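Pasting run.txt here (compact mmCIF, C-alpha atoms):
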```txt
# COMPACT_ATOMS: atom_id res chain seq x y z
CA MET A 6 53.80 207.94 135.04
CA ALA A 7 53.42 205.29 137.74
CA THR A 8 56.44 204.59 139.88
CA LEU A 9 57.59 201.18 141.08
CA THR A 10 56.36 202.10 144.55
CA ALA A 11 52.83 202.62 143.26
CA ALA A 12 52.88 199.72 140.80
CA ARG A 13 50.70 196.72 141.39
CA LEU A 14 52.53 193.52 142.18
CA ALA A 15 52.44 190.88 139.48
CA SER A 16 50.72 188.64 142.01
CA GLU A 17 47.95 191.28 142.11
CA GLY A 18 47.63 191.36 138.34
CA GLY A 19 50.34 193.91 137.55
CA SER A 20 53.15 193.53 135.01
CA PRO A 21 56.26 191.58 136.10
CA ALA A 22 59.34 193.67 136.79
CA VAL A 23 61.64 191.21 135.02
CA THR A 24 60.98 191.03 131.30
CA LEU A 25 64.32 189.73 130.04
CA PRO A 26 64.76 185.95 129.75
CA THR A 27 66.75 184.03 132.34
CA PRO A 28 70.26 183.35 131.00
CA ALA A 29 70.56 179.89 129.47
CA TRP A 30 72.46 177.09 131.17
CA PRO A 31 74.48 175.15 130.24
CA VAL A 32 76.32 177.42 127.83
CA VAL A 33 76.89 175.65 124.51
CA GLU A 34 79.22 176.90 121.79
CA GLU A 35 80.24 175.48 118.43
CA ALA A 36 83.60 174.49 119.91
CA ASP A 37 81.82 172.11 122.31
CA ALA A 38 80.00 170.29 119.50
CA ALA A 39 83.10 170.19 117.32
CA LEU A 40 85.33 168.66 120.00
CA VAL A 41 82.71 166.07 121.01
CA ALA A 42 82.26 165.15 117.33
CA GLU A 43 86.03 164.78 116.99
CA VAL A 44 86.05 162.39 119.96
CA VAL A 45 83.17 160.36 118.53
CA ARG A 46 84.96 159.99 115.19
CA SER A 47 88.22 159.03 116.88
CA GLY A 48 86.78 155.82 118.29
CA VAL A 49 88.52 156.47 121.63
CA TRP A 50 85.62 156.95 124.00
CA SER A 51 86.93 155.80 127.39
CA TRP A 52 89.78 154.19 129.34
CA ILE A 53 91.96 157.26 130.11
CA GLY A 54 91.97 158.69 126.59
CA PRO A 55 93.83 161.80 125.40
CA ARG A 56 91.03 164.26 126.23
CA GLU A 57 90.68 162.94 129.78
CA ARG A 58 94.44 163.23 130.28
CA GLU A 59 94.39 166.76 128.88
CA PHE A 60 91.52 167.79 131.14
CA CYS A 61 92.97 166.24 134.31
CA THR A 62 96.31 167.95 133.71
CA ALA A 63 94.63 171.31 133.04
CA TYR A 64 92.26 171.02 136.00
CA ALA A 65 95.02 170.11 138.45
CA ASP A 66 96.87 173.22 137.27
CA PHE A 67 93.70 175.32 137.61
CA ILE A 68 93.02 174.16 141.18
CA GLY A 69 96.68 174.17 142.20
CA THR A 70 97.21 170.50 143.02
CA ARG A 71 99.69 167.91 141.86
CA PHE A 72 97.04 165.47 140.60
CA CYS A 73 93.48 165.30 139.29
CA LEU A 74 91.41 162.23 138.43
CA GLY A 75 88.20 162.14 136.40
CA LEU A 76 85.39 159.98 137.80
CA ALA A 77 81.79 159.12 136.98
CA ASN A 78 80.07 161.56 139.36
CA GLY A 79 80.49 163.68 142.47
CA THR A 80 79.31 160.97 144.86
CA VAL A 81 81.85 158.28 144.01
CA THR A 82 84.54 160.98 144.10
CA MET A 83 83.87 161.40 147.83
CA GLN A 84 83.63 157.66 148.42
CA CYS A 85 87.00 157.05 146.77
CA ALA A 86 88.64 160.04 148.47
CA LEU A 87 87.48 158.85 151.89
CA GLN A 88 88.76 155.34 151.24
CA ALA A 89 92.05 156.72 149.95
CA VAL A 90 92.69 158.47 153.29
CA GLU A 91 91.95 155.14 154.99
CA VAL A 92 88.43 155.66 156.29
CA VAL A 93 87.13 152.16 157.07
CA PRO A 94 83.83 150.74 158.34
CA GLY A 95 83.14 151.90 161.88
CA ASP A 96 85.10 155.14 161.55
CA GLU A 97 83.24 158.40 162.06
CA VAL A 98 83.07 161.11 159.42
CA ILE A 99 81.81 164.58 160.36
CA VAL A 100 79.48 166.15 157.79
CA PRO A 101 77.58 169.46 157.93
CA ALA A 102 73.85 168.91 158.41
CA LEU A 103 73.06 171.19 155.47
CA THR A 104 74.38 169.75 152.22
CA TRP A 105 73.24 167.59 149.36
CA VAL A 106 72.41 164.10 150.66
CA ALA A 107 75.24 162.49 148.68
CA THR A 108 77.85 164.06 150.96
CA ALA A 109 76.61 161.90 153.80
CA GLN A 110 75.74 158.91 151.62
CA ALA A 111 79.31 158.71 150.35
CA ALA A 112 80.53 158.04 153.89
CA MET A 113 77.62 155.80 154.86
CA ASP A 114 78.00 153.67 151.75
CA ILE A 115 81.61 152.73 152.58
CA GLY A 116 80.62 151.69 156.09
CA ALA A 117 81.54 154.86 157.98
CA ASN A 118 79.23 156.43 160.55
CA VAL A 119 78.22 160.01 159.86
CA VAL A 120 78.16 162.58 162.65
CA PHE A 121 76.25 165.71 161.66
CA ALA A 122 77.56 169.08 162.81
CA ASP A 123 75.76 172.43 162.70
CA ILE A 124 76.35 175.32 160.30
CA ASP A 125 77.13 179.00 160.48
CA PRO A 126 73.69 180.71 160.34
CA VAL A 127 74.74 183.25 157.69
CA THR A 128 77.23 181.48 155.40
CA LEU A 129 75.46 178.09 155.79
CA ALA A 130 78.90 176.43 155.83
CA LEU A 131 80.22 174.03 158.47
CA ASP A 132 80.62 175.77 161.82
CA PRO A 133 84.17 175.16 163.15
CA ALA A 134 83.04 175.09 166.79
CA SER A 135 80.35 172.51 166.05
CA PHE A 136 82.91 170.46 164.11
CA ALA A 137 85.34 170.55 167.02
CA ALA A 138 82.62 169.54 169.49
CA ALA A 139 81.68 166.54 167.33
CA ILE A 140 85.16 164.97 167.31
CA THR A 141 85.54 161.68 169.17
CA PRO A 142 88.33 159.08 169.29
CA ARG A 143 86.63 157.36 166.33
CA THR A 144 86.62 160.45 164.07
CA LYS A 145 88.70 159.81 160.96
CA ALA A 146 87.64 162.54 158.53
CA VAL A 147 85.63 165.70 158.08
CA ILE A 148 83.93 166.91 154.90
CA PRO A 149 83.75 170.73 154.84
CA VAL A 150 81.21 171.65 152.16
CA HIS A 151 81.75 174.93 150.32
CA LEU A 152 78.02 175.43 149.97
CA TYR A 153 76.12 177.66 147.51
CA GLY A 154 78.08 180.95 147.50
CA CYS A 155 80.27 180.84 150.62
CA MET A 156 83.43 178.96 151.52
CA CYS A 157 84.03 177.20 154.83
CA ASP A 158 86.55 178.69 157.24
CA MET A 159 89.61 177.00 155.79
CA ASP A 160 91.91 178.45 158.43
CA ALA A 161 90.00 177.05 161.40
CA ILE A 162 88.77 173.72 160.03
CA PRO A 163 92.12 172.32 158.81
CA ASP A 164 93.78 173.58 162.02
CA ILE A 165 91.25 171.73 164.19
CA ALA A 166 91.60 168.65 161.99
CA ARG A 167 95.41 168.61 162.21
CA ARG A 168 95.35 168.91 166.00
CA HIS A 169 93.09 165.84 166.20
CA GLY A 170 94.60 163.75 163.40
CA VAL A 171 91.46 164.09 161.26
CA LYS A 172 91.63 163.96 157.45
CA VAL A 173 90.00 166.77 155.44
CA ILE A 174 88.05 165.95 152.25
CA GLU A 175 86.69 169.16 150.72
CA ASP A 176 83.31 168.96 148.98
CA VAL A 177 83.76 171.53 146.21
CA ALA A 178 80.76 170.53 144.09
CA HIS A 179 79.39 174.09 144.33
CA GLN A 180 82.52 176.17 143.90
CA HIS A 181 84.83 175.29 141.04
CA GLY A 182 87.39 178.09 141.08
CA SER A 183 86.89 179.57 144.55
CA ARG A 184 90.11 180.61 146.24
CA TRP A 185 90.99 180.97 149.92
CA ARG A 186 93.95 183.32 150.46
CA GLY A 187 94.81 182.68 146.81
CA LYS A 188 94.72 178.88 147.09
CA GLY A 189 92.13 176.90 145.17
CA ALA A 190 89.22 175.22 146.89
CA GLY A 191 90.06 171.55 146.49
CA SER A 192 93.73 172.11 147.34
CA LEU A 193 93.26 173.03 151.01
CA GLY A 194 92.73 169.55 152.48
CA ASP A 195 93.87 166.01 151.84
CA ALA A 196 91.67 165.79 148.74
CA GLY A 197 88.99 167.78 146.94
CA SER A 198 85.78 166.32 145.49
CA PHE A 199 84.06 167.96 142.49
CA SER A 200 80.80 167.30 140.68
CA PHE A 201 80.19 168.11 137.01
CA GLN A 202 76.43 167.47 137.07
CA GLN A 203 74.43 169.70 134.71
CA SER A 204 73.59 172.47 137.19
CA LYS A 205 77.24 172.94 138.22
CA VAL A 206 79.34 175.85 136.95
CA LEU A 207 81.64 173.39 135.17
CA THR A 208 79.55 170.62 133.66
CA SER A 209 79.59 167.61 131.39
CA GLY A 210 76.02 166.60 132.28
CA GLU A 211 77.38 164.11 134.80
CA GLY A 212 80.90 163.40 136.00
CA GLY A 213 83.26 164.28 138.79
CA ALA A 214 86.89 164.74 139.77
CA VAL A 215 89.20 164.37 142.75
CA THR A 216 92.19 166.65 143.27
CA CYS A 217 95.08 165.82 145.61
CA ASP A 218 98.83 166.11 146.15
CA ASP A 219 99.69 162.75 147.72
CA PRO A 220 100.81 160.10 145.16
CA GLU A 221 99.47 157.26 147.32
CA VAL A 222 96.06 158.90 147.66
CA TYR A 223 96.09 159.32 143.87
CA ARG A 224 97.12 155.70 143.24
CA THR A 225 94.38 154.38 145.51
CA ILE A 226 91.63 156.49 143.93
CA PHE A 227 92.88 155.58 140.46
CA ALA A 228 92.64 151.86 141.30
CA LEU A 229 89.21 152.25 142.86
CA LYS A 230 87.81 153.96 139.78
CA GLN A 231 89.77 152.10 137.09
CA VAL A 232 88.73 148.49 137.88
CA GLY A 233 91.88 147.96 139.95
CA TRP A 234 94.52 149.32 137.56
CA THR A 235 96.75 152.15 138.73
CA PRO A 236 99.88 153.98 137.50
CA ALA A 237 103.15 152.38 138.53
CA ASP A 238 104.72 155.71 139.48
CA PRO A 239 102.42 158.76 139.39
CA ALA A 240 105.34 161.10 140.08
CA ALA A 241 106.90 160.02 136.80
CA ASN A 242 103.69 159.68 134.79
CA PRO A 243 100.21 159.98 136.31
CA PHE A 244 98.54 157.89 133.58
CA GLU A 245 100.88 155.05 132.58
CA PRO A 246 102.16 152.40 132.63
CA LEU A 247 99.24 150.82 134.45
CA VAL A 248 99.80 147.98 136.88
CA MET A 249 97.43 145.96 139.05
CA GLY A 250 96.89 148.05 142.17
CA ASN A 251 95.94 145.27 144.59
CA LYS A 252 92.76 147.17 145.54
CA TYR A 253 89.05 146.35 145.42
CA GLY A 254 88.43 148.26 142.21
CA HIS A 255 85.24 149.55 140.59
CA ASN A 256 84.27 151.07 137.26
CA TYR A 257 83.80 154.76 138.02
CA ARG A 258 85.37 156.03 134.79
CA LEU A 259 84.80 159.35 133.03
CA THR A 260 84.24 159.19 129.26
CA GLU A 261 86.15 161.03 126.55
CA MET A 262 82.99 162.88 125.47
CA GLN A 263 82.58 164.24 129.00
CA ALA A 264 86.24 165.26 129.09
CA ALA A 265 85.79 167.16 125.82
CA LEU A 266 82.87 169.14 127.27
CA LEU A 267 84.88 169.87 130.42
CA LEU A 268 87.85 171.14 128.44
CA CYS A 269 85.60 173.62 126.61
CA GLY A 270 83.84 174.65 129.82
CA LEU A 271 87.11 175.16 131.66
CA LYS A 272 88.22 177.71 129.06
CA ARG A 273 85.07 179.75 129.73
CA LEU A 274 85.05 179.33 133.49
CA PRO A 275 87.36 182.21 134.60
CA ALA A 276 85.37 184.80 132.63
CA GLN A 277 82.07 183.33 133.87
CA THR A 278 83.34 183.39 137.46
CA ALA A 279 84.31 187.04 137.10
CA ARG A 280 80.87 187.85 135.71
CA ARG A 281 79.11 186.06 138.56
CA GLU A 282 81.32 187.77 141.12
CA ALA A 283 80.57 191.21 139.69
CA ASN A 284 76.81 190.64 139.62
CA ALA A 285 76.80 189.08 143.10
CA GLN A 286 78.68 192.04 144.52
CA ARG A 287 76.30 194.47 142.80
CA LEU A 288 73.30 192.62 144.23
CA ALA A 289 74.85 192.52 147.71
CA ALA A 290 75.61 196.24 147.71
CA ALA A 291 72.17 197.18 146.41
CA LEU A 292 70.38 194.98 148.94
CA ALA A 293 72.43 196.48 151.77
CA ALA A 294 71.52 199.99 150.59
CA GLU A 295 67.86 198.94 150.26
CA GLY A 296 67.86 197.78 153.89
CA GLY A 297 65.00 195.39 153.28
CA PRO A 298 64.37 191.90 154.63
CA LEU A 299 66.52 190.20 151.97
CA GLN A 300 70.29 190.55 152.34
CA ALA A 301 73.31 188.79 150.84
CA ALA A 302 75.66 186.80 153.02
CA PRO A 303 78.78 188.89 153.67
CA ARG A 304 81.91 187.79 151.87
CA ASP A 305 84.80 186.60 154.02
CA PRO A 306 87.82 188.82 153.19
CA ARG A 307 90.00 185.70 153.10
CA VAL A 308 88.07 184.51 150.03
CA THR A 309 90.10 185.97 147.17
CA THR A 310 87.91 184.49 144.40
CA GLN A 311 84.33 183.43 145.00
CA ALA A 312 82.69 180.98 142.62
CA TYR A 313 78.93 180.57 142.86
CA TYR A 314 76.69 177.57 142.44
CA SER A 315 74.15 179.96 143.95
CA GLN A 316 74.46 183.25 145.75
CA THR A 317 73.79 182.79 149.47
CA LEU A 318 71.28 185.24 150.95
CA PHE A 319 69.21 185.42 154.11
CA TYR A 320 65.74 186.66 154.85
CA ASP A 321 64.80 188.43 158.07
CA PRO A 322 61.05 188.11 158.73
CA ALA A 323 61.30 190.78 161.44
CA LYS A 324 62.18 193.36 158.77
CA ALA A 325 59.01 192.40 156.92
CA SER A 326 56.73 192.55 159.97
CA GLY A 327 56.52 188.79 160.12
CA ILE A 328 55.71 188.01 156.50
CA PRO A 329 56.92 184.43 156.05
CA ARG A 330 59.73 183.74 153.62
CA ALA A 331 57.54 181.60 151.36
CA ARG A 332 55.06 184.45 150.76
CA TYR A 333 57.85 186.94 150.08
CA LEU A 334 59.59 184.62 147.61
CA ALA A 335 56.29 183.81 145.90
CA ALA A 336 55.75 187.53 145.28
CA LEU A 337 59.24 187.76 143.76
CA ALA A 338 58.62 184.69 141.61
CA ALA A 339 55.49 186.35 140.21
CA GLU A 340 57.76 189.22 139.15
CA HIS A 341 59.84 186.60 137.24
CA CYS A 342 62.56 186.96 139.87
CA SER A 343 63.05 183.40 141.06
CA PHE A 344 64.93 182.86 144.29
CA GLY A 345 65.14 179.43 145.89
CA THR A 346 65.63 177.94 149.32
CA THR A 347 67.99 175.22 150.50
CA TYR A 348 68.30 171.48 150.80
CA SER A 349 66.55 169.83 153.74
CA PRO A 350 68.67 168.89 156.76
CA VAL A 351 70.29 165.67 155.60
CA TYR A 352 69.18 163.76 158.67
CA ARG A 353 65.51 164.26 157.76
CA SER A 354 65.64 164.69 154.00
CA PRO A 355 62.60 163.23 152.21
CA LEU A 356 65.07 161.95 149.58
CA LEU A 357 67.00 159.88 152.11
CA ASN A 358 64.97 157.39 154.13
CA LEU A 359 67.65 156.31 156.56
CA ALA A 360 65.30 153.77 158.15
CA ASP A 361 64.42 151.96 154.93
CA ALA A 362 65.78 148.50 154.18
CA THR A 363 67.62 149.98 151.18
CA SER A 364 69.71 152.08 153.59
CA PRO A 365 72.85 150.62 155.19
CA LEU A 366 71.88 152.02 158.58
CA PRO A 367 69.20 149.56 159.80
CA PHE A 368 71.86 146.83 159.69
CA ARG A 369 74.31 148.68 161.95
CA ARG A 370 74.50 149.00 165.69
CA ASP A 371 75.83 151.75 167.94
CA LEU A 372 75.26 154.69 165.58
CA PRO A 373 76.83 157.85 167.03
CA GLN A 374 73.64 159.93 166.64
CA ASP A 375 69.91 159.23 166.68
CA TYR A 376 69.05 160.89 163.37
CA ALA A 377 65.30 160.59 164.01
CA THR A 378 65.49 162.91 167.03
CA LEU A 379 68.52 165.00 166.06
CA ARG A 380 67.95 168.75 165.97
CA LEU A 381 70.63 171.28 165.00
CA PRO A 382 69.23 174.79 165.54
CA ASN A 383 71.20 176.83 163.01
CA THR A 384 70.50 174.32 160.27
CA GLU A 385 66.82 174.04 161.07
CA ARG A 386 66.19 177.78 161.27
CA ALA A 387 68.08 178.43 158.02
CA VAL A 388 66.11 175.74 156.19
CA ALA A 389 62.71 176.71 157.60
CA GLU A 390 62.91 180.50 157.85
CA THR A 391 65.96 182.44 156.74
CA ALA A 392 68.13 180.94 153.98
CA VAL A 393 67.60 182.04 150.36
CA THR A 394 69.57 181.18 147.23
CA LEU A 395 69.88 182.64 143.74
CA SER A 396 71.01 180.17 141.07
CA GLN A 397 74.31 180.79 139.32
CA LYS A 398 72.68 181.17 135.90
CA HIS A 399 71.00 184.40 137.06
CA LEU A 400 74.43 185.76 137.96
CA LEU A 401 75.50 185.44 134.32
CA GLY A 402 72.93 188.02 133.27
CA THR A 403 73.60 191.36 131.64
CA ASP A 404 73.69 194.59 133.62
CA GLU A 405 70.12 195.26 132.45
CA TYR A 406 68.95 191.84 133.64
CA THR A 407 70.56 192.34 137.06
CA GLY A 408 68.93 195.76 137.24
CA GLN A 409 65.54 194.17 136.62
CA LEU A 410 66.13 191.66 139.43
CA LEU A 411 66.84 194.56 141.78
CA ALA A 412 63.78 196.44 140.53
CA ALA A 413 61.65 193.38 141.34
CA ILE A 414 63.04 193.25 144.88
CA ARG A 415 62.42 196.97 145.42
CA LYS A 416 58.90 196.59 144.06
CA VAL A 417 58.09 193.81 146.53
CA ASN A 418 59.81 195.65 149.41
CA ASP A 419 57.76 198.75 148.64
CA SER A 420 54.57 196.68 148.76
CA LEU A 421 55.10 194.79 152.04
CA ASP A 422 51.97 196.28 153.64
CA ARG A 423 49.80 194.97 150.79
CA LEU A 424 51.66 191.67 150.77
CA ARG A 425 51.04 191.29 154.51
CA GLU A 426 47.31 191.73 153.95
```

Just give me the structure of the file as structure tokens.
Amino acid sequence: MATLTAARLASEGGSPAVTLPTPAWPVVEEADAALVAEVVRSGVWSWIGPREREFCTAYADFIGTRFCLGLANGTVTMQCALQAVEVVPGDEVIVPALTWVATAQAAMDIGANVVFADIDPVTLALDPASFAAAITPRTKAVIPVHLYGCMCDMDAIPDIARRHGVKVIEDVAHQHGSRWRGKGAGSLGDAGSFSFQQSKVLTSGEGGAVTCDDPEVYRTIFALKQVGWTPADPAANPFEPLVMGNKYGHNYRLTEMQAALLLCGLKRLPAQTARREANAQRLAAALAAEGGPLQAAPRDPRVTTQAYYSQTLFYDPAKASGIPRARYLAALAAEHCSFGTTYSPVYRSPLLNLADATSPLPFRRDLPQDYATLRLPNTERAVAETAVTLSQKHLLGTDEYTGQLLAAIRKVNDSLDRLRE
């Protein structure tokens, strides 16, 4: 019987190593449909209804903060959080160069100037030394992004920020439920920003939330998202009575249908997180034992629970005799083992034309960086050569499915000579 070592690659006409279907996402159960139907029949669809209140209370408890607010998406959450900590036009906000473009747009769109800092080459998270070097007298806030499957160093970054009087707004769009030394991501700074877009591990299709402890931060965000209305005394009641907040309010509300989906998803989330953690650790251990060009990013021992939007991995072309990452990943994809890469560096993302008239930047002077010529080496090498991701839905697979993913990797690793040719 032929062994995996002797087997033809699927890209050569052989049979794919992965035969089980990719786990479905989002997960939908009868309870989801029933609760949404109940909301529809109730006639209460928006304006801080009972399901939104229930979710915000439960999510604040889950993250470990005093308050939680539901908003329309994970971009306006960051905008409102930045404004609530008094970032104003002309202030500088430090953002890692590798993140989804909205992290930077949120600051740009409220008039702040973004300063991009470099990343750690393995975890892909904001590098504390690069953050510290980017601080100027005009720096007002930093946005550490807990990206893919690794947390930022939440000992070093808040310490640097405190010493310089810089506010910390965590971008937790990728890691609902991660914990640093037992404390929830989203509770470690001045505010936490979450996205509930469909690919996220807690989803309502679209939507977002901000978590915080400061009643004044909460009142400001509430007014910004609730067309200017805000609770009179959040310490007494975070939802009512509402008074005019004397802010420049917007309509960034969450709907009751979204809140219903989030309540159902939140009940499943701890078990799903545990499943992802177990599969990620199995993959990491097997890849280390394999010793091939693909390895998982090591887990920081201070991370006591790791949630995963994707598992963070890195590819070493030197261990594959120079085979480029794209060719290696294409061979895995042919085996029905689909790994991805990363976002582009924000400062040259094809999705974000910073020079276009639709951008706020052409109408500003004295930008702190020339984005057109900016080069951050760790970010650029990770994006172009080394960074690899595995979507969270694959980490929900059965033991057999995870075993097939590993078999596909071994099959490609055993065929590197043929792949090189």

**Request:** Check the smallest atom-to-atom distance from each of A:Val90, A:Ala294, A:Val351, A:Val206 to Arg281 (chain A) using only C-alpha atoms, then report the winner.
**Result:**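 Looking only at the distances to Arg281 (chain A), the closest residue turns out to be A:Val206.
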
**Asked** For Asp114 (chain A), which residue out of A:Ser354, A:Gln180, A:Thr80, A:Ser315 is the nearest one, using all atoms listed in the file?
**Response**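 With all atoms listed in the file as the atom set, the closest residue is A:Thr80.
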
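Comparing A:Lys272, A:Asn418, A:Ala214, A:Lys205 by their smallest distance to Leu299 (chain A), the closest is A:Asn418 (using only C-alpha atoms).
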
**Nearest candidate to Ala302 (chain A) (options A:Cys342, A:Ala178, A:Cys155, A:Ala166; using only C-alpha atoms)** =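 Counting only C-alpha atoms, the residue closest to Ala302 (chain A) is A:Cys155.
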
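By all atoms listed in the file, and with residues fewer than 6 positions from Phe344 (chain A) along its chain excluded, the set lying at most 9 Å from it is A:Leu334, A:Ala335, A:Leu337, A:Ala338, A:Val393, A:Thr394, A:Leu395, A:Ser396.
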
**Request:** Compile the contact shell of Ala264 (chain A) as number ranges by chain: residues with an atom at most 12 Å away, counting all atoms listed in the file, same-chain residues fewer than 3 positions apart removed.
**Result:** A: 37, 40-41, 44, 49-64, 74-77, 201, 207-214, 258-261, 267-271

**Item:** Nearest-residue call for Thr384 (chain A), choices A:Val93, A:Ala130, A:Ala276, A:Val33, using all atoms listed in the file
**Value:** A:Ala130
